[in-house]
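Shown next, in structure tokens, is the structure this report addresses.
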Amino acid sequence: MELCRHCIKYALGAGASALRVSLSKSIQNSIAVLDGEVDKISFNQDRSIFLHLYAGGHFGTFSTNRLGQKELEEFISSAIETVSVLAEDPCQRLPEPGMKATDCSKGDELGLMDEGYFNVGQEEKIAIALKAGRSEWNKYRLESVESEYSDSIDDNYLIDSDGFEGRHTESNFGYCSEVTIMDGEGCRYSGYQWMSTPFWKDFDPGDVTAQAIEMAAAQVDPQEVESGKYKVVVQAKAASRLVGPIIHALDGNSVQQKFSFLCDALGKQVFSPKLNIYDKATERGRMGSRLFDTEGVAVTDGPIIEEGVVKKFFVNTYCHAKTGMEATVEGPSRPTVLPFICNSDKKEINLDDILAHCGSGILISGFNGGNCNHASGNFSFGIEGFVFENGKIAYPIDEALMTGNMMELWNNLLAAGSDARSCARWQIPSLAFGNVDISA
């Protein structure tokens, strides 16, 4: 941190007009398990400094992991010399001081760092990785089980020449399993499951592998589905694929470049009045929470879309200067879709509730490729999942395609659950839509 402060002082003395310095330090540890045996162990430590350098109307970004003071001084001098030959860009500047976060210099304000991280021994980690990677299964042949335990610390320090100073530190413990099974016909099916948490006390990967096996087994003997319009339910684990295009379309740079289907949507109701997406950015102890973005701008809790009305675009300092749009933050931290189900006041809504409400249709458990045109909102996604009838899963489906337009899709929203996975940074629950085109 003292070295970062020295970078600011030295750069200003060497001809820079402004500077933002980001110091990133990380520790990553992983234990890969293949078919019940340790396959690979890796451990990495990394640190680097990023410089956002402004000099006489010129701007450039530079990074290095050589952190000796003399080396950094030479690096900064060279960076200033390099920046001077670039074209001037008057829109490049630091954010206004009043927009920056305060009281965020310690790094632990959100309680995302497990102070007992270094008390967990390697032997204990290996034992957990091995135990969680095993699972009994007799119905189908278990071809392979690939699992991985991982843990990490990310420590980020941000400082600029206007006096901002911020730090964010968090730990993470995670486990994932990918399995392949073979049925009696010799057909293979795979399943994948994962979990993570910032805290060792909450880390329990016990049934991750078993869940992955169940997901694979549920796909056995798929059937073709007839093309047509269906009610579609999307499981929470896959639903962020349909929220992502909305967030992308709200990016100020996309709006400025006319590469957004929401260019003229600010302040207008363009989605179903049942759609509410809030950024719960500063919830203590929650994955994805933070107090400031990469520019040091303070993030806040509040609506992104409220009752179908677009409440904000994500406009960073450069986009604000270039377009005149109101400066906000560079992007959402922890977007959260609020629960609802038509003709009901229930606040706790799970997948079974949504299936029962919809009656019959297609349950999507995952997407296989496809894309969304962010300018028009038109999309085409390969899907995997199940047909459900009378609120119950009937059979898995073979290859199928979901097509449509994002505006139309979200205006046919039927339900949103309260079952978003706590280990995910985006809190997107199970979703239900009506009148969706599905092609065999």
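Residue numbers start at 1 in each chain; chains themselves are named A, B, ... in the order of the structure tokens; ligands are numbered from 1 in the order shown.
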
Which residues of region 138-182 of chain A have any atom within 12 Å of an atom in region 287-307 of chain A when counting only C-alpha atoms, and what is the closest pair of atoms for each, with the distance in Å to one decimal? Order the rows by chain and rising number and write it as a tab-separated table.
```
residue	atom	partner	partner_atom	distance
A:Asn156	CA	A:Thr294	CA	9.8
A:Tyr157	CA	A:Thr294	CA	10.0
A:Leu158	CA	A:Gly296	CA	7.1
A:Ile159	CA	A:Gly296	CA	8.0
A:Asp160	CA	A:Gly296	CA	8.6
A:Ser161	CA	A:Gly296	CA	11.8
A:Asp162	CA	A:Gly296	CA	10.9
A:Gly163	CA	A:Gly296	CA	10.7
A:Phe164	CA	A:Gly296	CA	7.2
A:Glu165	CA	A:Gly296	CA	7.9
A:Gly166	CA	A:Gly296	CA	7.1
A:Arg167	CA	A:Phe292	CA	8.9
A:His168	CA	A:Arg290	CA	7.3
A:Thr169	CA	A:Arg290	CA	9.5
A:Glu170	CA	A:Met287	CA	9.1
A:Ser171	CA	A:Met287	CA	9.9
A:Asn172	CA	A:Met287	CA	9.1
A:Phe173	CA	A:Met287	CA	11.5
```

Which polymer residues have any atom within 7 Å of an atom of Asn412 (chain A), counting only C-alpha atoms, with same-chain residues fewer than 6 positions away left out, as a VMD selection string? chain A and resid 272 433 to 434

Enumerate, in order of chain and increasing residue number, the residues of region 88-128 of chain A with an atom no farther than 10 Å from region 31-45 of chain A, each with its shortest atom pair and distance in Å to one decimal, counting only C-alpha atoms, as a tab-separated table.
```
residue	atom	partner	partner_atom	distance
A:Gln122	CA	A:Ile31	CA	9.5
A:Lys125	CA	A:Ile31	CA	8.0
A:Ile126	CA	A:Ile31	CA	6.9
A:Ala127	CA	A:Val38	CA	9.8
A:Ile128	CA	A:Ile31	CA	9.9
```

Mind dumping the selected residues with N, CA and C atoms as a compact mmCIF listing (two decimals), in the first residue's frame?
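Saved the output as selection-v8.txt:
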```txt
# COMPACT_ATOMS: atom_id res chain seq x y z
N GLN A 122 -3.53 -28.56 4.73
CA GLN A 122 -3.61 -29.20 3.41
C GLN A 122 -4.15 -30.62 3.52
N LYS A 125 -7.85 -30.51 3.70
CA LYS A 125 -8.43 -30.17 2.40
C LYS A 125 -8.45 -31.40 1.48
N ILE A 126 -7.35 -32.16 1.47
CA ILE A 126 -7.27 -33.35 0.62
C ILE A 126 -8.31 -34.38 1.05
N ALA A 127 -8.46 -34.56 2.37
CA ALA A 127 -9.43 -35.53 2.88
C ALA A 127 -10.84 -35.16 2.45
N ILE A 128 -11.17 -33.89 2.52
CA ILE A 128 -12.51 -33.44 2.11
C ILE A 128 -12.71 -33.62 0.61
```

Atomic separation - CA of Ser147 (chain A) relative to CA of Glu124 (chain A), Å: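 Atom-to-atom, CA of Glu124 (chain A) to CA of Ser147 (chain A), that is 16.1 Å.
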
Got a sec to tell me which of region 64-185 of chain A DSSP assigns to strand (DSSP E or B), as a PyMOL selection string? chain A and resi 64+100+141-160+165-182

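Using only C-alpha atoms for every distance, the candidate list A:Ser177, A:Gln427, A:Ser254, A:Thr403 yields A:Gln427 as the residue closest to Leu338 (chain A).
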
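Atom pair CA of Ile397 (chain A) / CA of Ile383 (chain A): separated by 9.0 Å.
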
Work out how far CA of Leu112 (chain A) is from CA of Met1 (chain A), in Å to one decimal.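 Atom-to-atom, CA of Met1 (chain A) and CA of Leu112 (chain A) are spaced 20.1 Å apart.
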
Within 7 Å of Val234 (chain A) using only C-alpha atoms, minus same-chain residues under 3 positions, as a tab-separated table (two decimals) with C-alpha atoms, in the first residue's frame:
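Below you can see part.tsv, which holds the result:
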```tsv
chain	number	residue	atom	x	y	z
A	238	ALA	CA	-29.42	-21.62	-15.79
A	239	ALA	CA	-31.63	-18.53	-15.52
A	363	LEU	CA	-38.45	-27.16	-17.94
A	364	ILE	CA	-35.02	-25.91	-19.03
A	365	SER	CA	-32.13	-27.19	-16.92
A	430	SER	CA	-36.12	-20.02	-11.29
A	431	LEU	CA	-38.18	-18.14	-13.89
A	432	ALA	CA	-41.32	-18.93	-15.88
```

Out of A:Ile49, A:Ile80, A:Leu94, A:Val220, which residue has the shortest atom-to-atom distance to Tyr140 (chain A) when counting only C-alpha atoms?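 Of all the options, A:Val220 lies closest to Tyr140 (chain A).
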